[in-house]
Every structure is written in C-alpha cells, then in structure tokens.
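Comments concern the structure below.
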Amino acid sequence: MIRDTRKLRILRWLLSGLLLLAAGGWSDSVIVSADAPPNELKQPNAQSQKRLAVIIDDLGNQMKGTDEILAMPVKLTVAVMPFLPSSEQDARDAHERGHDVLIHLPLEPKQGNPKWLGPGAILSNMPDEEVRKKVEEAIDNIPFAVGINNHMGSKITGDKRIMSVILDVCRERGLFFVDSKTNYWSVAGDVSSEKGLPELHNDIFLDDVNTERHIAGQFHKIEKLLEQRGKCVTIGHVGVKGDKTAKVLKERIPEFQLKGITFVGISEFARDQRKDFDFAPGSGIKLP
C-alpha cells in the first residue's frame, strides 16, 4: 500500500510538471531548451543555492559568436568594448534580451601588443584628469551599463592611483567594477571595498585555451566550485574563440539547470554584497 501511494505521488508530480510545461510556466525545476527564443529568458531565482554568472567579453566589433551569445536563453553578462562599430548596438541588443551589460574598459597590460587594447585605452603614464575623462567617455558610449570590467589591464589593476580614479568615477556614475583577474596582485578588490563598492572578480576563464575540450573541462571545474561555494563568476569571449565558447555554453545550459544551477547576471552578486544599492537592471546602480 505504501509503495502504491509513493507511485501515485510520483505520477502526480510528473503530471503536474508536464502540465506546467504545456502552459509555458517557469520554475527552478524546469529546464530551458537551448533553442528557446531569446525573449524567453529564464528569470534568475535569488534563493538558488547554486548561481553562475557568465561574463562574455569583447563585444562591440561584430566578432564571431556575438549573435549566438546574445541569443542564449539564460541571463548572461556581456562586456562591450567602447568606441567600436557595433558597441552601442550590441549593448542595446543585450539589454533588450535581458542580459546585464558591462563596459569592457581597455587598460594597459604588463605585456602584450598595445594594438589589442583598442580605442579609449587607459595607460599608466596618464594623469588623473585624463584617466577620469576616458572612463567618463567610455560610460557615455555604452548604454545600459551596470558596471565595468577590464580588458587586459594587468598593469593598471595593480596601480592603486589609477584604480582609485576609475573607481571614483564608478561610484559617482552608479556603477561597480568587476576584476577580470588578469593580475594576481590586483588591487581592484581592495580599492572597491575601501570605496564602499562591491568586491567582484572573475573566478575562472572559460576559453584561455581555444579548444572545445578545454572549455568543457572548465565547466567541470565551475561545477566543482559551485559545489564548494554556491556561486561562481566565469569569463569567456567572442572573437577567435567565440564560436567554440558559444557552442559549449549552449550545450551545458540544460545540463546545469538539471543540476539546480541558476544563471544570473553579475548585478545579482553586486546586490548580495550591498543591500543599500538602489538598483534597477539596465540603468546602473545609484549609491547613497
């Protein structure tokens, strides 16, 4: 009799799930198809025990994988480089599809080709006034941005003077800063904390090696981090790596959702740290 009752409960649960799907309803147990239309983003659940913020860098120049990333059926965060041909349009498209938008601010690295920085780059020899001007211009160029993260920048993120200027502007303009962690000795987190801003950083790069096998392996590492911490920030890219990153991400979405992992925008982690933020998605954060 007990076994029959359990079977009946299971059948009722399955039937209710099928009815919910047929009705088009959403719940944490419903898996979003990777082929779902982009305007049917699954809304993040703030109470989820496992939350993943996926940041995709280098939008703004119609790079490979951009369309695929913007069409993902879960909430992502896209980091758009300023002053490029599709910078404004990519930001608008991302916002309209429900994704968070960051300004992918070019900052001088310790090593690397300066040409990779792109327009509007901030260099270590610039005075405070010039740094401030460049940050403000970048913010004005990217609509709907809720924050900034660094493009390259291993040299600048270790420079407290320049990071202080950048983060002063962030605070004044209602934005937060996400440290991409291209420099182990970055001061971005400490300076953010000093200024009353959220301390946010990348935990793991998805596509530092440009193969599908490596990207899939990074998702396994992400899953382990989520088991340990309950939340994780990961960064991937459009461009040379864009098609592979988009392909593996799309494949992993249903699998991760089945395991109870919710995809959230990075702004949700900012809210976790600073409950006093007057926050509205797409319009930035207004600090007291």
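In the structure tokens, the first chain shown is A, the next is B, and so on; residue numbers restart at 1 for each chain, and ligands run from 1 in the order shown.
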Taking the chain letters and numbering used in this document, name the residues of region 218-248 of chain A that DSSP puts in helix (DSSP H, G or I), as a PDB file with N, CA and C atoms, in the first residue's frame.
```pdb
ATOM      1  N   GLN A 218      36.652  23.273 -18.356  1.00  0.00           N
ATOM      2  CA  GLN A 218      36.469  24.414 -17.462  1.00  0.00           C
ATOM      3  C   GLN A 218      35.080  24.396 -16.819  1.00  0.00           C
ATOM      4  N   PHE A 219      34.082  23.932 -17.570  1.00  0.00           N
ATOM      5  CA  PHE A 219      32.744  23.828 -16.990  1.00  0.00           C
ATOM      6  C   PHE A 219      32.709  22.792 -15.864  1.00  0.00           C
ATOM      7  N   HIS A 220      33.495  21.745 -15.988  1.00  0.00           N
ATOM      8  CA  HIS A 220      33.582  20.768 -14.897  1.00  0.00           C
ATOM      9  C   HIS A 220      34.186  21.422 -13.650  1.00  0.00           C
ATOM     10  N   LYS A 221      35.199  22.274 -13.856  1.00  0.00           N
ATOM     11  CA  LYS A 221      35.799  22.992 -12.726  1.00  0.00           C
ATOM     12  C   LYS A 221      34.794  23.961 -12.099  1.00  0.00           C
ATOM     13  N   ILE A 222      34.012  24.598 -12.958  1.00  0.00           N
ATOM     14  CA  ILE A 222      32.980  25.517 -12.473  1.00  0.00           C
ATOM     15  C   ILE A 222      31.975  24.766 -11.596  1.00  0.00           C
ATOM     16  N   GLU A 223      31.589  23.593 -12.047  1.00  0.00           N
ATOM     17  CA  GLU A 223      30.631  22.799 -11.279  1.00  0.00           C
ATOM     18  C   GLU A 223      31.180  22.465  -9.896  1.00  0.00           C
ATOM     19  N   LYS A 224      32.460  22.148  -9.812  1.00  0.00           N
ATOM     20  CA  LYS A 224      33.082  21.850  -8.519  1.00  0.00           C
ATOM     21  C   LYS A 224      33.112  23.086  -7.628  1.00  0.00           C
ATOM     22  N   LEU A 225      33.425  24.254  -8.239  1.00  0.00           N
ATOM     23  CA  LEU A 225      33.414  25.497  -7.470  1.00  0.00           C
ATOM     24  C   LEU A 225      32.020  25.787  -6.913  1.00  0.00           C
ATOM     25  N   LEU A 226      31.006  25.528  -7.724  1.00  0.00           N
ATOM     26  CA  LEU A 226      29.639  25.762  -7.286  1.00  0.00           C
ATOM     27  C   LEU A 226      29.258  24.826  -6.147  1.00  0.00           C
ATOM     28  N   GLU A 227      29.755  23.618  -6.165  1.00  0.00           N
ATOM     29  CA  GLU A 227      29.501  22.688  -5.071  1.00  0.00           C
ATOM     30  C   GLU A 227      30.125  23.200  -3.777  1.00  0.00           C
ATOM     31  N   GLN A 228      31.294  23.821  -3.893  1.00  0.00           N
ATOM     32  CA  GLN A 228      32.025  24.293  -2.716  1.00  0.00           C
ATOM     33  C   GLN A 228      31.492  25.616  -2.194  1.00  0.00           C
ATOM     34  N   ARG A 229      31.199  26.563  -3.122  1.00  0.00           N
ATOM     35  CA  ARG A 229      30.898  27.936  -2.727  1.00  0.00           C
ATOM     36  C   ARG A 229      29.445  28.351  -2.934  1.00  0.00           C
ATOM     37  N   GLY A 242      35.017  32.674 -30.081  1.00  0.00           N
ATOM     38  CA  GLY A 242      33.597  32.871 -29.862  1.00  0.00           C
ATOM     39  C   GLY A 242      32.698  31.724 -30.239  1.00  0.00           C
ATOM     40  N   ASP A 243      32.930  31.099 -31.389  1.00  0.00           N
ATOM     41  CA  ASP A 243      32.033  30.032 -31.821  1.00  0.00           C
ATOM     42  C   ASP A 243      32.135  28.816 -30.912  1.00  0.00           C
ATOM     43  N   LYS A 244      33.352  28.486 -30.492  1.00  0.00           N
ATOM     44  CA  LYS A 244      33.533  27.325 -29.610  1.00  0.00           C
ATOM     45  C   LYS A 244      32.942  27.592 -28.229  1.00  0.00           C
ATOM     46  N   THR A 245      33.179  28.786 -27.710  1.00  0.00           N
ATOM     47  CA  THR A 245      32.644  29.137 -26.396  1.00  0.00           C
ATOM     48  C   THR A 245      31.122  29.101 -26.409  1.00  0.00           C
ATOM     49  N   ALA A 246      30.517  29.691 -27.435  1.00  0.00           N
ATOM     50  CA  ALA A 246      29.055  29.705 -27.536  1.00  0.00           C
ATOM     51  C   ALA A 246      28.497  28.292 -27.672  1.00  0.00           C
ATOM     52  N   LYS A 247      29.166  27.449 -28.448  1.00  0.00           N
ATOM     53  CA  LYS A 247      28.695  26.081 -28.672  1.00  0.00           C
ATOM     54  C   LYS A 247      28.686  25.277 -27.375  1.00  0.00           C
ATOM     55  N   VAL A 248      29.794  25.323 -26.640  1.00  0.00           N
ATOM     56  CA  VAL A 248      29.877  24.538 -25.405  1.00  0.00           C
ATOM     57  C   VAL A 248      28.930  25.098 -24.346  1.00  0.00           C
TER      58      VAL A 248
END
```
Please tabulate, as a tab-separated table, the residues of region 160-254 of chain A that come within 9 Å of region 134-150 of chain A, each with its closest pair of atoms and the distance in Å to one decimal, counting only C-alpha atoms and ordering rows by chain, then residue number upward.
```
residue	atom	partner	partner_atom	distance
A:Val165	CA	A:Val135	CA	8.9
A:Ile166	CA	A:Val135	CA	6.6
A:Val169	CA	A:Glu136	CA	7.1
A:Cys170	CA	A:Gly147	CA	7.5
A:Arg173	CA	A:Ile139	CA	8.4
A:Gly174	CA	A:Val146	CA	7.6
A:Leu175	CA	A:Gly147	CA	4.5
A:Phe176	CA	A:Gly147	CA	4.6
A:Phe177	CA	A:Ile148	CA	4.9
A:Val178	CA	A:Asn149	CA	4.7
A:Asp179	CA	A:Asn149	CA	5.8
A:Ser180	CA	A:Asn150	CA	5.9
A:Lys181	CA	A:Asn150	CA	8.6
A:Thr182	CA	A:Asn150	CA	8.5
A:His201	CA	A:Asn149	CA	8.9
```
Export N, CA and C atoms of the chosen residues as a PDB file, in the first residue's frame?
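Just written: out.pdb:
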```
ATOM      1  N   VAL A 165      41.086  56.332  -9.273  1.00  0.00           N
ATOM      2  CA  VAL A 165      40.374  57.265 -10.155  1.00  0.00           C
ATOM      3  C   VAL A 165      39.227  56.549 -10.864  1.00  0.00           C
ATOM      4  N   ILE A 166      39.514  55.380 -11.421  1.00  0.00           N
ATOM      5  CA  ILE A 166      38.482  54.620 -12.138  1.00  0.00           C
ATOM      6  C   ILE A 166      37.301  54.321 -11.223  1.00  0.00           C
ATOM      7  N   VAL A 169      35.054  57.281 -10.335  1.00  0.00           N
ATOM      8  CA  VAL A 169      34.079  57.554 -11.393  1.00  0.00           C
ATOM      9  C   VAL A 169      32.945  56.529 -11.342  1.00  0.00           C
ATOM     10  N   CYS A 170      33.287  55.266 -11.104  1.00  0.00           N
ATOM     11  CA  CYS A 170      32.254  54.231 -10.973  1.00  0.00           C
ATOM     12  C   CYS A 170      31.248  54.615  -9.893  1.00  0.00           C
ATOM     13  N   ARG A 173      29.064  57.554 -10.925  1.00  0.00           N
ATOM     14  CA  ARG A 173      28.131  57.274 -12.029  1.00  0.00           C
ATOM     15  C   ARG A 173      27.217  56.085 -11.744  1.00  0.00           C
ATOM     16  N   GLY A 174      27.317  55.514 -10.547  1.00  0.00           N
ATOM     17  CA  GLY A 174      26.411  54.430 -10.187  1.00  0.00           C
ATOM     18  C   GLY A 174      26.758  53.099 -10.805  1.00  0.00           C
ATOM     19  N   LEU A 175      28.033  52.788 -10.927  1.00  0.00           N
ATOM     20  CA  LEU A 175      28.482  51.526 -11.498  1.00  0.00           C
ATOM     21  C   LEU A 175      29.369  50.789 -10.500  1.00  0.00           C
ATOM     22  N   PHE A 176      29.532  49.496 -10.704  1.00  0.00           N
ATOM     23  CA  PHE A 176      30.507  48.724  -9.934  1.00  0.00           C
ATOM     24  C   PHE A 176      31.609  48.236 -10.873  1.00  0.00           C
ATOM     25  N   PHE A 177      32.663  47.668 -10.309  1.00  0.00           N
ATOM     26  CA  PHE A 177      33.796  47.181 -11.099  1.00  0.00           C
ATOM     27  C   PHE A 177      33.969  45.684 -10.867  1.00  0.00           C
ATOM     28  N   VAL A 178      34.142  44.955 -11.963  1.00  0.00           N
ATOM     29  CA  VAL A 178      34.405  43.515 -11.896  1.00  0.00           C
ATOM     30  C   VAL A 178      35.839  43.281 -12.356  1.00  0.00           C
ATOM     31  N   ASP A 179      36.661  42.753 -11.477  1.00  0.00           N
ATOM     32  CA  ASP A 179      38.067  42.495 -11.791  1.00  0.00           C
ATOM     33  C   ASP A 179      38.170  41.199 -12.591  1.00  0.00           C
ATOM     34  N   SER A 180      38.657  41.308 -13.815  1.00  0.00           N
ATOM     35  CA  SER A 180      38.810  40.119 -14.660  1.00  0.00           C
ATOM     36  C   SER A 180      39.911  39.191 -14.166  1.00  0.00           C
ATOM     37  N   LYS A 181      40.725  39.683 -13.243  1.00  0.00           N
ATOM     38  CA  LYS A 181      41.804  38.908 -12.638  1.00  0.00           C
ATOM     39  C   LYS A 181      42.858  38.498 -13.662  1.00  0.00           C
ATOM     40  N   THR A 182      43.317  39.468 -14.433  1.00  0.00           N
ATOM     41  CA  THR A 182      44.461  39.234 -15.309  1.00  0.00           C
ATOM     42  C   THR A 182      45.771  39.473 -14.562  1.00  0.00           C
ATOM     43  N   HIS A 201      34.971  39.685  -8.736  1.00  0.00           N
ATOM     44  CA  HIS A 201      36.092  39.269  -9.578  1.00  0.00           C
ATOM     45  C   HIS A 201      35.785  37.957 -10.294  1.00  0.00           C
TER      46      HIS A 201
END
```
**Request:** May I ask for the distance between CA of Lys155 (chain A) and CA of Asp57 (chain A), given in Å to one decimal place?
**Result:**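 Calculated distance between CA of Lys155 (chain A) and CA of Asp57 (chain A) is 18.7 Å.
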